[in-house]
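Structure file start_31.tsv; described as TSV, C-alpha atoms.
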```tsv
chain	number	residue	atom	x	y	z
A	1060	MET	CA	60.59	5.05	37.06
A	1061	THR	CA	63.45	2.58	36.79
A	1062	ALA	CA	63.42	-1.07	35.83
A	1063	ARG	CA	64.45	-1.99	39.38
A	1064	GLN	CA	61.07	-0.96	40.76
A	1065	PRO	CA	58.15	-3.40	41.19
A	1066	PRO	CA	56.46	-4.49	37.92
A	1067	ARG	CA	53.03	-2.97	38.63
A	1068	ALA	CA	53.36	0.59	39.81
A	1069	ALA	CA	51.79	4.04	39.70
A	1070	ARG	CA	53.50	7.32	40.48
A	1071	GLY	CA	51.84	10.70	40.71
A	1072	LEU	CA	48.69	9.21	39.17
A	1073	ARG	CA	45.97	11.78	38.49
A	1074	ASN	CA	42.62	11.60	36.74
A	1075	VAL	CA	40.32	14.45	35.77
A	1076	SER	CA	36.97	13.09	34.56
A	1077	PRO	CA	34.19	14.97	32.75
A	1078	PRO	CA	30.89	14.72	34.67
A	1079	PRO	CA	27.92	13.07	32.94
A	1080	ASP	CA	25.92	16.34	32.90
A	1081	GLY	CA	28.59	18.19	30.93
A	1082	GLY	CA	29.54	20.52	33.80
A	1083	ALA	CA	33.00	21.32	35.11
A	1084	PRO	CA	35.55	18.46	35.09
A	1085	ILE	CA	35.94	16.50	38.33
A	1086	LEU	CA	39.34	15.74	39.86
A	1087	ALA	CA	38.70	12.07	40.69
A	1088	VAL	CA	42.20	10.94	41.74
A	1089	GLU	CA	45.30	12.93	42.62
A	1090	ASP	CA	48.89	12.12	43.62
A	1091	MET	CA	48.27	8.37	43.82
A	1092	ASN	CA	51.45	6.36	44.38
A	1093	PHE	CA	51.74	2.60	44.84
A	1094	ALA	CA	53.60	-0.51	43.71
A	1095	ILE	CA	52.26	-4.08	43.64
A	1096	GLU	CA	54.48	-7.15	43.56
A	1097	LYS	CA	53.92	-10.22	41.43
A	1098	ASN	CA	51.40	-12.72	42.90
A	1099	GLU	CA	50.18	-10.26	45.55
A	1100	PHE	CA	46.52	-10.02	46.51
A	1101	VAL	CA	45.75	-6.34	47.09
A	1102	SER	CA	42.36	-4.94	48.08
A	1103	ILE	CA	41.26	-1.31	47.76
A	1104	VAL	CA	38.73	0.02	50.28
A	1105	GLY	CA	37.27	3.43	50.98
A	1106	ARG	CA	34.05	5.40	50.99
A	1107	SER	CA	32.01	5.92	47.83
A	1108	GLY	CA	33.57	8.44	45.48
A	1109	CYS	CA	37.17	7.90	46.60
A	1110	GLY	CA	38.37	6.73	43.19
A	1111	LYS	CA	38.54	2.95	43.72
A	1112	SER	CA	36.91	2.05	40.41
A	1113	THR	CA	38.64	4.93	38.62
A	1114	VAL	CA	42.06	3.53	39.56
A	1115	LEU	CA	41.00	0.01	38.56
A	1116	ASN	CA	39.78	1.27	35.17
A	1117	MET	CA	43.07	3.11	34.62
A	1118	ILE	CA	45.05	-0.05	35.37
A	1119	MET	CA	42.84	-1.94	32.93
A	1120	GLY	CA	43.38	0.73	30.30
A	1121	LEU	CA	39.73	1.80	30.09
A	1122	LEU	CA	40.60	5.30	31.36
A	1123	ASP	CA	43.67	7.40	30.59
A	1124	PRO	CA	45.54	9.10	33.45
A	1125	SER	CA	45.52	12.90	33.16
A	1126	ALA	CA	49.02	12.94	34.65
A	1127	GLY	CA	51.60	10.62	36.18
A	1128	SER	CA	52.87	7.21	35.13
A	1129	LEU	CA	51.20	3.80	35.30
A	1130	LEU	CA	53.25	0.70	34.50
A	1131	VAL	CA	52.32	-2.98	34.26
A	1132	ASN	CA	55.28	-5.34	33.90
A	1133	GLY	CA	57.48	-2.32	33.34
A	1134	ALA	CA	55.51	-1.03	30.32
A	1135	PRO	CA	53.18	2.00	30.28
A	1136	VAL	CA	49.48	1.15	30.11
A	1137	SER	CA	48.09	2.36	26.78
A	1138	GLY	CA	44.80	0.50	26.65
A	1139	PRO	CA	43.29	-2.90	27.50
A	1140	GLY	CA	45.49	-5.93	26.92
A	1141	PRO	CA	45.48	-9.71	27.38
A	1142	ASP	CA	47.89	-9.37	30.31
A	1143	ARG	CA	44.99	-7.94	32.36
A	1144	GLY	CA	41.56	-9.43	33.02
A	1145	MET	CA	38.61	-7.77	34.73
A	1146	VAL	CA	35.60	-9.04	36.69
A	1147	PHE	CA	32.73	-6.68	37.57
A	1148	GLN	CA	29.94	-6.76	40.16
A	1149	GLN	CA	27.57	-8.07	37.50
A	1150	SER	CA	28.98	-11.09	35.72
A	1151	GLY	CA	28.41	-9.72	32.21
A	1152	LEU	CA	28.14	-13.23	30.76
A	1153	PHE	CA	26.81	-13.56	27.22
A	1154	PRO	CA	23.27	-14.91	27.72
A	1155	TRP	CA	23.26	-16.82	24.42
A	1156	LEU	CA	26.37	-18.83	25.37
A	1157	THR	CA	26.68	-21.67	27.86
A	1158	ALA	CA	29.04	-21.44	30.84
A	1159	GLU	CA	31.64	-23.43	28.88
A	1160	GLU	CA	31.22	-21.28	25.77
A	1161	ASN	CA	31.54	-18.09	27.81
A	1162	ILE	CA	34.85	-19.30	29.19
A	1163	GLN	CA	36.09	-20.18	25.70
A	1164	PHE	CA	34.96	-16.89	24.14
A	1165	GLY	CA	38.21	-14.92	24.61
A	1166	PRO	CA	40.59	-17.69	23.49
A	1167	LYS	CA	38.36	-18.42	20.49
A	1168	ASN	CA	38.57	-14.79	19.34
A	1169	ALA	CA	42.32	-14.87	19.95
A	1170	GLY	CA	42.67	-17.76	17.49
A	1171	VAL	CA	43.35	-20.54	20.00
A	1172	SER	CA	42.64	-23.95	18.50
A	1173	LYS	CA	39.43	-25.77	19.42
A	1174	ALA	CA	41.31	-28.60	21.11
A	1175	GLU	CA	43.43	-26.24	23.19
A	1176	ARG	CA	40.50	-24.08	24.32
A	1177	GLN	CA	38.51	-27.18	25.23
A	1178	LYS	CA	41.42	-28.44	27.33
A	1179	GLN	CA	41.78	-25.04	28.99
A	1180	SER	CA	38.07	-24.61	29.71
A	1181	ASP	CA	37.85	-28.16	31.13
A	1182	GLU	CA	40.66	-27.28	33.57
A	1183	LEU	CA	39.00	-24.01	34.58
A	1184	ILE	CA	35.56	-25.59	34.95
A	1185	ALA	CA	37.09	-28.19	37.28
A	1186	LEU	CA	38.85	-25.42	39.18
A	1187	ILE	CA	35.56	-23.55	39.80
A	1188	HIS	CA	33.64	-26.80	40.51
A	1189	MET	CA	31.17	-26.32	37.66
A	1190	ASP	CA	31.49	-29.65	35.82
A	1191	ALA	CA	27.80	-30.45	36.24
A	1192	ALA	CA	26.70	-27.02	35.03
A	1193	LYS	CA	29.06	-26.29	32.14
A	1194	THR	CA	26.32	-26.64	29.49
A	1195	ARG	CA	23.87	-24.37	31.32
A	1196	TYR	CA	23.10	-20.85	30.17
A	1197	PRO	CA	23.59	-17.84	32.50
A	1198	HIS	CA	19.88	-17.57	33.36
A	1199	GLU	CA	20.06	-21.15	34.65
A	1200	LEU	CA	22.88	-20.32	37.08
A	1201	SER	CA	22.78	-18.75	40.54
A	1202	GLY	CA	24.52	-15.42	41.14
A	1203	GLY	CA	27.51	-17.14	42.73
A	1204	MET	CA	27.81	-19.59	39.85
A	1205	GLN	CA	27.67	-16.76	37.33
A	1206	GLN	CA	30.52	-14.99	39.11
A	1207	ARG	CA	32.58	-18.18	39.13
A	1208	VAL	CA	32.15	-18.41	35.37
A	1209	ALA	CA	33.05	-14.71	35.01
A	1210	ILE	CA	36.28	-15.31	36.95
A	1211	ALA	CA	37.10	-18.37	34.83
A	1212	ARG	CA	36.38	-16.40	31.65
A	1213	SER	CA	38.93	-13.77	32.71
A	1214	LEU	CA	41.47	-16.46	33.67
A	1215	ALA	CA	41.05	-18.15	30.27
A	1216	MET	CA	43.26	-15.44	28.74
A	1217	ASN	CA	46.02	-16.28	31.27
A	1218	PRO	CA	46.32	-12.71	32.56
A	1219	ASP	CA	49.21	-11.68	34.78
A	1220	LEU	CA	46.89	-9.28	36.57
A	1221	LEU	CA	43.26	-9.91	37.56
A	1222	LEU	CA	41.22	-6.79	38.39
A	1223	MET	CA	38.00	-7.26	40.34
A	1224	ASP	CA	35.47	-4.47	40.94
A	1225	GLU	CA	33.20	-5.51	43.84
A	1226	PRO	CA	32.61	-8.92	42.26
A	1227	PHE	CA	30.68	-10.29	45.25
A	1228	GLY	CA	28.78	-7.12	46.12
A	1229	ALA	CA	25.41	-8.38	44.85
A	1230	LEU	CA	25.59	-11.75	46.65
A	1231	ASP	CA	24.03	-12.71	49.97
A	1232	GLU	CA	26.42	-12.97	52.93
A	1233	LEU	CA	26.75	-16.76	53.03
A	1234	THR	CA	27.33	-17.02	49.27
A	1235	ARG	CA	29.78	-14.14	49.47
A	1236	GLU	CA	31.87	-15.87	52.14
A	1237	LYS	CA	31.87	-19.10	50.14
A	1238	MET	CA	32.99	-17.18	47.04
A	1239	GLN	CA	35.82	-15.58	49.02
A	1240	ASP	CA	37.16	-19.04	49.88
A	1241	GLU	CA	36.79	-20.18	46.28
A	1242	LEU	CA	38.59	-17.08	45.01
A	1243	LEU	CA	41.49	-17.72	47.39
A	1244	ALA	CA	41.71	-21.32	46.17
A	1245	ILE	CA	41.77	-20.12	42.55
A	1246	TRP	CA	44.40	-17.47	43.35
A	1247	GLN	CA	46.62	-19.98	45.14
A	1248	GLU	CA	46.30	-22.36	42.18
A	1249	LYS	CA	46.84	-19.83	39.36
A	1250	ARG	CA	49.12	-17.37	41.25
A	1251	SER	CA	47.82	-14.35	39.34
A	1252	THR	CA	48.25	-10.92	40.86
A	1253	ILE	CA	44.85	-9.64	42.05
A	1254	VAL	CA	43.65	-6.09	42.66
A	1255	PHE	CA	40.26	-6.31	44.35
A	1256	VAL	CA	37.92	-3.36	44.98
A	1257	THR	CA	35.45	-3.78	47.85
A	1258	HIS	CA	33.36	-1.82	50.33
A	1259	GLY	CA	33.72	-4.68	52.81
A	1260	ILE	CA	36.48	-4.27	55.39
A	1261	MET	CA	36.04	-7.85	56.63
A	1262	GLU	CA	36.32	-9.09	53.06
A	1263	ALA	CA	39.51	-7.09	52.47
A	1264	VAL	CA	41.19	-8.39	55.64
A	1265	TYR	CA	40.13	-11.97	54.91
A	1266	LEU	CA	41.44	-11.99	51.36
A	1267	SER	CA	44.41	-9.69	51.11
A	1268	ASP	CA	48.16	-9.51	51.51
A	1269	ARG	CA	47.81	-5.72	51.58
A	1270	VAL	CA	44.90	-3.29	51.86
A	1271	PHE	CA	45.03	0.14	50.24
A	1272	VAL	CA	42.78	2.57	52.11
A	1273	PHE	CA	41.68	5.43	49.85
A	1274	GLY	CA	40.45	8.84	50.95
A	1275	ALA	CA	38.15	11.03	48.87
A	1276	HIS	CA	37.80	14.53	47.37
A	1277	PRO	CA	39.91	13.80	45.41
A	1278	GLY	CA	40.85	10.13	45.68
A	1279	HIS	CA	44.22	9.56	47.34
A	1280	MET	CA	46.09	6.87	49.25
A	1281	LYS	CA	45.55	7.27	53.00
A	1282	LYS	CA	47.27	4.10	54.14
A	1283	ASP	CA	48.86	0.91	52.78
A	1284	ILE	CA	48.29	-1.82	55.39
A	1285	ARG	CA	50.04	-5.19	55.20
A	1286	ILE	CA	47.89	-8.03	56.60
A	1287	ASP	CA	50.29	-10.26	58.51
A	1288	LEU	CA	47.98	-13.20	59.19
A	1289	PRO	CA	48.46	-16.83	58.16
A	1290	ARG	CA	45.93	-18.48	55.84
A	1291	PRO	CA	43.34	-19.85	56.26
A	1292	ARG	CA	42.16	-16.92	58.36
A	1293	ARG	CA	39.55	-16.84	61.10
A	1294	ARG	CA	37.24	-13.84	61.16
A	1295	SER	CA	36.92	-14.26	64.93
A	1296	ASP	CA	40.69	-14.00	65.49
A	1297	PRO	CA	41.46	-10.98	67.75
A	1298	LYS	CA	44.32	-9.97	65.43
A	1299	PHE	CA	41.89	-10.08	62.50
A	1300	MET	CA	39.63	-7.65	64.32
A	1301	GLU	CA	42.59	-5.37	65.10
A	1302	TYR	CA	43.17	-4.98	61.37
A	1303	TYR	CA	39.45	-4.36	60.89
A	1304	ASP	CA	39.50	-1.62	63.49
A	1305	GLU	CA	42.63	-0.02	62.01
A	1306	ILE	CA	41.10	0.11	58.51
A	1307	TYR	CA	37.76	1.36	59.81
A	1308	ALA	CA	39.47	4.16	61.78
A	1309	THR	CA	41.51	5.13	58.72
A	1310	ILE	CA	38.42	5.37	56.50
A	1311	TYR	CA	36.24	7.22	58.97
```

Take the structure in the file and write it out as C-alpha cells.
Amino acid sequence: MTARQPPRAARGLRNVSPPPDGGAPILAVEDMNFAIEKNEFVSIVGRSGCGKSTVLNMIMGLLDPSAGSLLVNGAPVSGPGPDRGMVFQQSGLFPWLTAEENIQFGPKNAGVSKAERQKQSDELIALIHMDAAKTRYPHELSGGMQQRVAIARSLAMNPDLLLMDEPFGALDELTREKMQDELLAIWQEKRSTIVFVTHGIMEAVYLSDRVFVFGAHPGHMKKDIRIDLPRPRRRSDPKFMEYYDEIYATIY
C-alpha cells in the first residue's frame, strides 16, 4: 500500500477468531477492502454475524488481523492508540465519577494539566449541552445523556478517528433520533472521521457520507454506497427512501 492512498485503509483484511466454546476457529471476515478519507462519516450495516464489530475492533487495535494490511494515517495498526476513540452500545462510564470527571479521565491519565483538562471538558460539556448535569453521576443520567458523556469522553483525547459500535441501539426511537442530530452537530464541529456500526438502515442513510453494506459467512464488503443528499436530511425525502431501498435490497 503506497503513501498516495487514503490515510485509513484496509486491503485483503481477514480475521479468524476462536469460538468461545473452544471448537474450530471461525472465519469472521475475509477479503475486506476499503479506504476512508479524512473527516468522512462512514456507517457499516449488515445482518448479525457479518463482521461489523470485528472490523471495528480491528481498526481500534483490540483484535489482530489474521491476514492483510490495516493502516490508520499511513501506519499499520498494532494496538489501541490515542488517535482512535471508541463508543459502545453501553456507555461504560465509571459509576464513581461524575460526568465531568468521566470526560477528564483520559487526559488526566495522559498527564494533561488540571487547568487544561478543565478547559477542555468545559468545551465538550457545552458541546453536548450538559452544563447543568456535569456534576451528576452516571446513575443520575438518562441513557441519552450517558451516551453524550461517553462520546465527549472519547473526544477528550482528540482522536483522529471515532469508532462507534451501535451507540444508540439501546435508546428509544425519539431519543435515538435526537442523538443522531446531536452526533452530526458534534461531528461538524470537531471534524473527526467517524466509523459507525448500526443495524438501522434509516440511521445509516441519515448520518453518513458513505454506507458499507457487509455480507456474512464470512464477513465481506457487498457494496459501498455514497449518500449524495444535502444536510440536514429529511427522512421523508423520496431520494432518502431510494437509498433505504437500495441498502435493504443489498442486505437481503

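Relative to CA of Leu1266 in chain A, CA of His1188 in chain A is found at 19.9 Å.
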
Nearest-residue call for Gly1071 in chain A, choices A:Phe1147, A:Phe1093, A:Tyr1307, A:Phe1299, using all atoms listed in the file:
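When distances to Gly1071 in chain A are compared using all atoms listed in the file, the smallest one comes from A:Phe1093.
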
May I have the protein, DNA and RNA residues with any atom at most 9 Å from the point (42.3, -21.7, 27.6), counting all atoms listed in the file, written as a PyMOL selection string?
chain A and resi 1162-1163+1165-1167+1171+1175-1183+1212+1214-1217

Spatial neighbours of range 1109-1122 of chain A, max dist 6 Å, all atoms listed in the file, sep filter under 3 positions, as a PyMOL selection string:
chain A and resi 1087-1088+1106+1138-1139+1274-1275+1278

What lies within 10 Å of Ile1210 in chain A using only C-alpha atoms, ignoring chain neighbours under 2 positions off, as a PyMOL selection string?
chain A and resi 1144-1147+1150+1162+1183+1187+1204-1208+1212-1215+1221-1223+1226+1242+1245

For Thr1252 in chain A, find every residue with an atom within 10 Å (counting all atoms listed in the file), except residues of its own chain fewer than 4 positions away, and show them as JSON, numbers by chain.
{"A": [1067, 1095, 1096, 1097, 1098, 1099, 1100, 1101, 1143, 1218, 1219, 1220, 1221, 1222, 1246]}

Starting from the point (57.8, -8.7, 30.7), work out which residues of protein, DNA or RNA have an atom no more than 10 Å away when counting only C-alpha atoms; state them as a list in words.
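Those residues, ordered by chain and then number, are Pro1066, Val1131, Asn1132, Gly1133, Ala1134, Asp1142 and Asp1219 of chain A.
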
What separation in Å, quoted to one decimal, exists between CA of His1258 in chain A and CA of Leu1233 in chain A?
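Rounded to one decimal, the two atoms are 16.6 Å apart.
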
Nearest to Asn1161 in chain A among A:Pro1084, A:Pro1291, A:Pro1197, A:Pro1077, with distances taken over all atoms listed in the file: which residue is it?
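Smallest distance to Asn1161 in chain A is found for A:Pro1197.
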
Would you compute the distance between CA of Ser1076 in chain A and CA of His1276 in chain A? Give it in Å to one decimal.
12.9 Å

Distance criterion (only C-alpha atoms): nearest to Asp1268 in chain A out of A:Ala1158, A:Tyr1302, A:Met1238, A:Ser1295
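That would be A:Tyr1302, the residue with the smallest distance to Asp1268 in chain A.
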
Which residue is closest to Gln1247 in chain A? Choose from A:Arg1235, A:Arg1290, A:Lys1281, A:Arg1070 and count only C-alpha atoms.
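So, comparing all the options, the nearest one is A:Arg1290.
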
Spatial neighbours of Ile1103 in chain A, max dist 9 Å, only C-alpha atoms, sep filter under 4 positions, as a count of residues only
12

What's the 9 Å shell around Leu1156 in chain A, counting only C-alpha atoms, without same-chain residues fewer than 2 positions away, as a ChimeraX atom specification?
/A:1152-1154,1158-1161,1164,1194-1197
